[in-house]
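Participant: So here's target_21.txt (compact mmCIF, C-alpha atoms and all ligand atoms).
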```txt
# COMPACT_ATOMS: atom_id res chain seq x y z
CA MET E 1 79.43 111.71 116.73
CA ASN E 2 81.23 114.75 115.43
CA ILE E 3 83.01 114.62 112.16
CA ASN E 4 86.43 116.22 112.27
CA TYR E 5 87.34 118.29 109.31
CA SER E 6 89.56 121.18 108.42
CA LEU E 7 87.88 124.20 106.96
CA LYS E 8 89.13 126.30 104.08
CA ARG E 9 87.21 129.49 103.52
CA SER E 10 87.61 131.31 100.28
CA LYS E 11 86.58 134.79 99.19
CA LYS E 12 86.58 133.66 95.59
CA ARG E 13 84.09 130.91 96.22
CA LYS E 14 80.57 132.19 95.61
CA LYS E 15 77.92 129.79 96.80
CA THR E 16 78.75 126.16 97.08
CA ILE E 17 80.29 124.26 99.93
CA SER E 18 82.31 121.24 98.93
CA LEU E 19 84.15 118.51 100.65
CA GLN E 20 87.18 116.42 99.95
CA VAL E 21 88.53 113.27 101.57
CA GLY E 22 92.30 112.91 101.41
CA SER E 23 94.20 109.65 101.13
CA ASN E 24 94.84 109.67 104.88
CA SER E 25 91.11 109.95 105.57
CA ASP E 26 91.48 113.62 106.37
CA ILE E 27 88.43 115.68 105.49
CA THR E 28 88.62 119.19 104.10
CA VAL E 29 85.59 121.40 103.65
CA TYR E 30 85.75 124.31 101.23
CA ALA E 31 83.26 127.05 101.87
CA PRO E 32 82.53 130.61 100.78
CA TYR E 33 84.14 133.11 103.10
CA TYR E 34 81.10 134.21 105.13
CA THR E 35 79.27 130.89 105.47
CA PRO E 36 78.13 130.40 109.07
CA VAL E 37 79.64 127.42 110.88
CA SER E 38 76.17 126.01 111.55
CA GLU E 39 75.52 125.84 107.83
CA ILE E 40 78.85 124.13 107.22
CA ASN E 41 78.14 121.61 109.97
CA ARG E 42 74.75 120.90 108.48
CA PHE E 43 76.37 120.32 105.11
CA VAL E 44 78.89 117.90 106.60
CA GLU E 45 76.16 116.14 108.55
CA GLU E 46 74.14 115.63 105.36
CA LYS E 47 77.16 113.94 103.82
CA ARG E 48 77.61 111.58 106.73
CA ASN E 49 76.48 108.40 104.98
CA TRP E 50 78.57 109.15 101.96
CA LEU E 51 81.58 109.94 104.15
CA ASP E 52 81.18 106.74 106.15
CA ARG E 53 81.20 104.78 102.94
CA ILE E 54 84.34 106.48 101.64
CA LEU E 55 86.19 106.18 104.92
CA LEU E 56 85.27 102.53 105.33
CA ASN E 57 86.39 101.91 101.80
CA GLN E 58 89.74 103.54 102.50
CA ALA E 59 90.22 101.55 105.68
CA LEU E 60 89.51 98.28 103.86
CA ARG E 61 91.70 99.06 100.92
CA PRO E 62 94.73 96.79 101.31
CA ASN E 63 97.09 99.58 100.44
CA HIS E 64 95.52 102.22 102.52
CA HIS E 65 98.62 104.09 103.43
CA LYS E 66 100.28 102.65 106.46
CA GLU E 67 103.84 103.49 107.30
CA LYS E 68 105.98 100.58 106.30
CA THR E 69 107.44 98.72 109.25
CA TYR E 70 109.85 96.50 107.28
CA GLU E 71 108.86 93.43 109.24
CA THR E 72 108.62 89.84 108.09
CA GLY E 73 105.31 89.21 106.35
CA GLU E 74 104.91 92.74 105.02
CA GLU E 75 104.36 93.03 101.26
CA PHE E 76 106.39 95.10 98.84
CA TYR E 77 105.49 95.71 95.23
CA TYR E 78 107.78 95.12 92.33
CA LEU E 79 106.51 95.69 88.77
CA GLY E 80 102.94 95.70 90.01
CA LEU E 81 103.02 92.47 92.01
CA PRO E 82 103.21 92.04 95.79
CA TYR E 83 106.00 89.97 97.30
CA THR E 84 106.41 89.03 100.93
CA LEU E 85 109.33 90.28 102.95
CA GLU E 86 111.53 88.19 105.20
CA THR E 87 113.82 90.10 107.50
CA GLY E 88 116.67 89.12 109.71
CA PHE E 89 120.21 90.07 110.45
CA ASP E 90 123.17 87.85 109.84
CA PRO E 91 126.28 90.01 110.25
CA LEU E 92 128.33 87.47 108.30
CA GLU E 93 126.19 87.92 105.17
CA ASN E 94 125.98 90.96 102.93
CA THR E 95 123.56 93.54 104.22
CA GLY E 96 120.81 94.91 102.02
CA VAL E 97 117.71 93.82 100.10
CA PHE E 98 117.76 90.72 97.94
CA PHE E 99 115.04 89.32 95.74
CA ARG E 100 115.09 85.53 95.70
CA PHE E 101 112.47 82.95 94.81
CA ASP E 102 109.73 85.57 94.64
CA ARG E 103 110.51 86.93 98.07
CA PHE E 104 112.21 90.00 99.39
CA ILE E 105 114.97 89.19 101.85
CA LEU E 106 116.27 92.02 104.00
CA ASN E 107 119.49 91.42 105.86
CA CYS E 108 119.96 94.46 108.05
CA PRO E 109 120.19 95.48 111.72
CA ASP E 110 116.83 96.40 113.23
CA ASN E 111 116.82 100.05 112.26
CA GLY E 112 113.90 101.57 110.35
CA GLU E 113 115.91 104.22 108.52
CA MET E 114 118.50 101.70 107.39
CA LYS E 115 115.84 99.28 106.20
CA LYS E 116 114.17 102.02 104.20
CA TYR E 117 117.50 103.04 102.74
CA TYR E 118 118.26 99.51 101.58
CA PHE E 119 114.85 99.20 99.94
CA ALA E 120 115.22 102.55 98.21
CA SER E 121 118.64 101.49 96.93
CA TRP E 122 117.22 98.24 95.62
CA TYR E 123 114.44 100.01 93.71
CA GLN E 124 116.92 102.61 92.45
CA LYS E 125 119.11 99.89 91.02
CA LYS E 126 116.13 98.19 89.35
CA ALA E 127 114.99 101.53 87.95
CA ARG E 128 118.43 102.17 86.46
CA GLU E 129 118.25 98.78 84.77
CA HIS E 130 114.64 98.95 83.59
CA ILE E 131 113.70 102.52 82.73
CA PRO E 132 116.50 103.54 80.31
CA ILE E 133 115.72 100.44 78.23
CA ARG E 134 112.05 101.46 78.01
CA VAL E 135 113.06 105.01 77.12
CA GLU E 136 115.26 103.70 74.35
CA HIS E 137 112.47 101.47 73.07
CA PHE E 138 109.87 104.26 72.87
CA SER E 139 112.42 106.81 71.77
CA ARG E 140 112.98 104.72 68.66
CA GLU E 141 109.31 103.98 68.17
CA LEU E 142 108.24 107.62 68.49
CA ASN E 143 111.36 109.08 66.97
CA LEU E 144 111.94 111.40 69.92
CA GLN E 145 115.47 111.72 71.21
CA PRO E 146 116.01 112.69 74.86
CA ARG E 147 119.24 114.27 76.00
CA GLY E 148 119.64 111.86 78.89
CA VAL E 149 117.79 109.79 81.50
CA ARG E 150 118.11 110.22 85.23
CA ILE E 151 116.57 108.29 88.13
CA THR E 152 115.32 110.38 91.05
CA SER E 153 113.79 109.80 94.49
CA ALA E 154 110.79 112.06 93.83
CA ARG E 155 107.76 111.07 95.87
CA SER E 156 104.96 111.96 93.53
CA ARG E 157 106.58 113.52 90.51
CA TRP E 158 106.83 110.30 88.57
CA GLY E 159 108.66 111.79 85.65
CA SER E 160 109.82 115.05 84.17
CA CYS E 161 111.24 116.49 80.99
CA SER E 162 113.49 119.53 81.25
CA GLU E 163 113.75 122.46 78.86
CA ASP E 164 116.72 120.75 77.19
CA ASN E 165 114.90 117.38 76.96
CA SER E 166 116.63 115.58 79.80
CA LEU E 167 114.21 113.05 81.26
CA ALA E 168 113.97 112.05 84.91
CA PHE E 169 111.96 109.24 86.49
CA SER E 170 111.29 108.35 90.11
CA PHE E 171 112.62 104.99 91.27
CA ARG E 172 109.24 104.52 92.99
CA LEU E 173 107.75 103.70 89.60
CA MET E 174 109.40 100.28 89.89
CA MET E 175 106.59 99.31 92.26
CA ALA E 176 103.99 99.90 89.54
CA GLN E 177 103.04 97.64 86.65
CA PRO E 178 105.29 97.71 83.59
CA GLN E 179 102.49 99.31 81.51
CA VAL E 180 102.24 102.16 84.00
CA ILE E 181 105.99 102.75 83.79
CA ASP E 182 105.73 102.70 79.99
CA TYR E 183 102.98 105.29 80.15
CA VAL E 184 105.19 107.67 82.18
CA VAL E 185 108.03 107.07 79.73
CA VAL E 186 105.80 107.88 76.74
CA HIS E 187 104.37 110.92 78.56
CA GLU E 188 107.80 112.40 79.27
CA LEU E 189 109.15 111.60 75.79
CA MET E 190 106.14 113.39 74.29
CA HIS E 191 107.17 116.53 76.20
CA ILE E 192 110.14 116.68 73.86
CA ARG E 193 107.60 117.60 71.21
CA GLU E 194 105.07 119.49 73.36
CA LYS E 195 106.30 121.21 76.52
CA ASN E 196 102.84 121.53 78.06
CA HIS E 197 99.70 119.59 78.87
CA SER E 198 97.58 121.00 76.08
CA SER E 199 94.91 118.93 74.37
CA LYS E 200 97.36 118.50 71.53
CA PHE E 201 99.85 116.97 73.96
CA TRP E 202 97.25 114.51 75.29
CA ARG E 203 96.18 113.59 71.75
CA LEU E 204 99.79 112.71 70.95
CA VAL E 205 100.20 110.67 74.15
CA ILE E 206 96.96 108.76 73.57
CA GLY E 207 97.90 108.26 69.93
CA ALA E 208 101.15 106.64 71.05
CA MET E 209 99.53 104.68 73.89
CA PRO E 210 95.74 104.32 73.75
CA ASP E 211 95.49 103.15 77.41
CA SER E 212 97.25 106.25 78.71
CA MET E 213 94.32 107.62 80.68
CA VAL E 214 93.84 104.35 82.53
CA HIS E 215 97.46 104.38 83.66
CA ARG E 216 97.32 108.03 84.54
CA ARG E 217 94.30 107.47 86.73
CA TRP E 218 95.91 104.42 88.31
CA LEU E 219 98.93 106.50 89.33
CA ARG E 220 96.72 109.17 90.83
CA GLU E 221 94.73 106.65 92.81
CA HIS E 222 97.64 104.52 93.96
CA GLN E 223 100.20 107.09 95.04
CA ASP E 224 100.15 105.51 98.48
CA MET E 225 101.10 102.16 97.09
CA LEU E 226 104.31 103.60 95.72
CA LYS E 227 105.50 104.87 99.08
CA LEU E 228 108.34 103.36 101.04
ZN ZN E 301 103.71 116.05 81.78
```
Can the structure in the file be given as structure tokens, please?
Ligand SMILES: [Zn+2]

Facilitator:
Amino acid sequence: MNINYSLKRSKKRKKTISLQVGSNSDITVYAPYYTPVSEINRFVEEKRNWLDRILLNQALRPNHHKEKTYETGEEFYYLGLPYTLETGFDPLENTGVFFRFDRFILNCPDNGEMKKYYFASWYQKKAREHIPIRVEHFSRELNLQPRGVRITSARSRWGSCSEDNSLAFSFRLMMAQPQVIDYVVVHELMHIREKNHSSKFWRLVIGAMPDSMVHRRWLREHQDMLKL
């Protein structure tokens, strides 16, 4: 069977062909500009076993990115734990997402965009309650004073620190474990001192939170889990 991949040729690349599997199981091959297609195909073919293993792994991963359908039984994460969703629509009750007895309840007409909107609003609200408190906590501990804290809808930019030390955090972080959220808070606070990702910056972050690299890696590997 043929393996489908997209090919990126580069004039800068000298000799090696390399291959990358994206989170949606898409395969990209990077090759030097003049490499013949036959050689690229041979390279991909040699990687077949390895690719099969990776792709199988992705398919089996519970959070392999599937579009959310917002149907009863689906799981949504809150502070790192999965909770089951129950949906329905009772027009006499308040619409929106509610969290009761360790379950998400969604009372909303059957409309995907609306359901997504209600979930986003719920996480936004939780983020506004949770994140500023963590910022305050670490701000005191590290003696770093931000100018303000904002909650955003960013999809993969978990946090940021502006030139004037205003911090912003994505509401999507509320799906991650509290320690992961704390790591992003510490990371952005540390940018008040170091506006870059130099080794000095990372030393300061790790000094403040020794597990930082574990949380950083977790975020990189679980981006899909934090999607709505
Ligand atoms: Zn940073």

Participant: Name the residues in contact with Tyr123 (chain E) at a cut-off of 9 Å, using all atoms listed in the file, excluding same-chain residues fewer than 4 positions from it; report them as a PyMOL selection string.

Facilitator: chain E and resi 78+118-119+127-128+171-175

Participant: Could you please determine the separation between CA of Leu7 (chain E) and CA of Leu56 (chain E) in Å, to one decimal place?

Facilitator: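 That distance, rounded to one decimal, is 21.9 Å.
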
Participant: Check every protein, DNA and RNA residue against ligand ZN 301 (chain E), keep those with an atom at most 8 Å away (counting all atoms listed in the file), and present them as a PyMOL selection string.

Facilitator: chain E and resi 159-161+187-188+191+195-197

Participant: Got time to write the residues from that selection, C-alpha atoms, as an mmCIF file, in the frame of the given file?

Facilitator:
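The result, stored in selection-v6.cif:
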```cif
data_model
loop_
_atom_site.group_PDB
_atom_site.id
_atom_site.type_symbol
_atom_site.label_atom_id
_atom_site.label_comp_id
_atom_site.auth_asym_id
_atom_site.auth_seq_id
_atom_site.Cartn_x
_atom_site.Cartn_y
_atom_site.Cartn_z
ATOM 1 C CA GLY E 159 108.660 111.790 85.650
ATOM 2 C CA SER E 160 109.820 115.050 84.170
ATOM 3 C CA CYS E 161 111.240 116.490 80.990
ATOM 4 C CA HIS E 187 104.370 110.920 78.560
ATOM 5 C CA GLU E 188 107.800 112.400 79.270
ATOM 6 C CA HIS E 191 107.170 116.530 76.200
ATOM 7 C CA LYS E 195 106.300 121.210 76.520
ATOM 8 C CA ASN E 196 102.840 121.530 78.060
ATOM 9 C CA HIS E 197 99.700 119.590 78.870
#
```

Participant: Interatomic distance between CA of Gly112 (chain E) and CA of Thr69 (chain E)?

Facilitator: 7.1 Å

Participant: So how far away is CA of Leu55 (chain E) from CA of Thr28 (chain E), in Å?

Facilitator: 13.3 Å

Participant: Could you give me, as a PyMOL selection string, the residues within 12 Å of Trp202 (chain E), counting all atoms listed in the file and dropping anything in the same chain fewer than 2 positions from it?

Facilitator: chain E and resi 183+186-188+190-191+193-200+204-213+216

Participant: Write out the residues from the selection above, keeping C-alpha atoms, as a PDB file, keeping the file's coordinate frame.

Facilitator:
```pdb
ATOM      1  CA  TYR E 183     102.980 105.290  80.150  1.00  0.00           C
ATOM      2  CA  VAL E 186     105.800 107.880  76.740  1.00  0.00           C
ATOM      3  CA  HIS E 187     104.370 110.920  78.560  1.00  0.00           C
ATOM      4  CA  GLU E 188     107.800 112.400  79.270  1.00  0.00           C
ATOM      5  CA  MET E 190     106.140 113.390  74.290  1.00  0.00           C
ATOM      6  CA  HIS E 191     107.170 116.530  76.200  1.00  0.00           C
ATOM      7  CA  ARG E 193     107.600 117.600  71.210  1.00  0.00           C
ATOM      8  CA  GLU E 194     105.070 119.490  73.360  1.00  0.00           C
ATOM      9  CA  LYS E 195     106.300 121.210  76.520  1.00  0.00           C
ATOM     10  CA  ASN E 196     102.840 121.530  78.060  1.00  0.00           C
ATOM     11  CA  HIS E 197      99.700 119.590  78.870  1.00  0.00           C
ATOM     12  CA  SER E 198      97.580 121.000  76.080  1.00  0.00           C
ATOM     13  CA  SER E 199      94.910 118.930  74.370  1.00  0.00           C
ATOM     14  CA  LYS E 200      97.360 118.500  71.530  1.00  0.00           C
ATOM     15  CA  LEU E 204      99.790 112.710  70.950  1.00  0.00           C
ATOM     16  CA  VAL E 205     100.200 110.670  74.150  1.00  0.00           C
ATOM     17  CA  ILE E 206      96.960 108.760  73.570  1.00  0.00           C
ATOM     18  CA  GLY E 207      97.900 108.260  69.930  1.00  0.00           C
ATOM     19  CA  ALA E 208     101.150 106.640  71.050  1.00  0.00           C
ATOM     20  CA  MET E 209      99.530 104.680  73.890  1.00  0.00           C
ATOM     21  CA  PRO E 210      95.740 104.320  73.750  1.00  0.00           C
ATOM     22  CA  ASP E 211      95.490 103.150  77.410  1.00  0.00           C
ATOM     23  CA  SER E 212      97.250 106.250  78.710  1.00  0.00           C
ATOM     24  CA  MET E 213      94.320 107.620  80.680  1.00  0.00           C
ATOM     25  CA  ARG E 216      97.320 108.030  84.540  1.00  0.00           C
TER      26      ARG E 216
END
```

Participant: List the neighbours of Cys108 (chain E) out to 7 Å using only C-alpha atoms; skip same-chain residues closer than 5 positions along the sequence, and give me the result as a PDB file with C-alpha atoms, in the coordinates of the input.

Facilitator:
```
ATOM      1  CA  GLY E  88     116.670  89.120 109.710  1.00  0.00           C
ATOM      2  CA  PHE E  89     120.210  90.070 110.450  1.00  0.00           C
ATOM      3  CA  THR E  95     123.560  93.540 104.220  1.00  0.00           C
ATOM      4  CA  GLY E  96     120.810  94.910 102.020  1.00  0.00           C
ATOM      5  CA  LYS E 115     115.840  99.280 106.200  1.00  0.00           C
TER       6      LYS E 115
END
```

Participant: Compare E:Arg100, E:Lys227, E:Arg9, E:His222 by their minimum atom-to-atom distance to Ala120 (chain E), counting all atoms listed in the file, and give me the closest one.

Facilitator: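 Nearest candidate to Ala120 (chain E) out of E:Arg100, E:Lys227, E:Arg9, E:His222: E:Lys227.
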
Participant: Point out the residue among E:Leu228, E:Thr87, E:Lys11, E:Gly22 with the least atom-to-atom distance to Trp122 (chain E), counting all atoms listed in the file.

Facilitator: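 The answer is E:Leu228, which sits nearest to Trp122 (chain E).
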
Participant: Using all atoms listed in the file, find the one residue out of E:Arg150, E:Lys68, E:Arg48, E:Arg103 that sits nearest to Thr84 (chain E).

Facilitator: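 Looking at the shortest contact to Thr84 (chain E), the residue is E:Arg103.
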
Participant: Could you check which of E:Glu45, E:Glu67, E:Asp110, E:Glu136 is closest to Val185 (chain E), using only C-alpha atoms?

Facilitator: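 Counting only C-alpha atoms, the residue closest to Val185 (chain E) is E:Glu136.
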
Participant: Find the residues around Leu79 (chain E) up to 12 Å (all atoms listed in the file counted), leave out those fewer than 2 positions away in its own chain, and share them as a VMD selection string.

Facilitator: chain E and resid 76 to 77 81 to 83 123 126 to 127 130 to 131 171 to 182 225 to 226
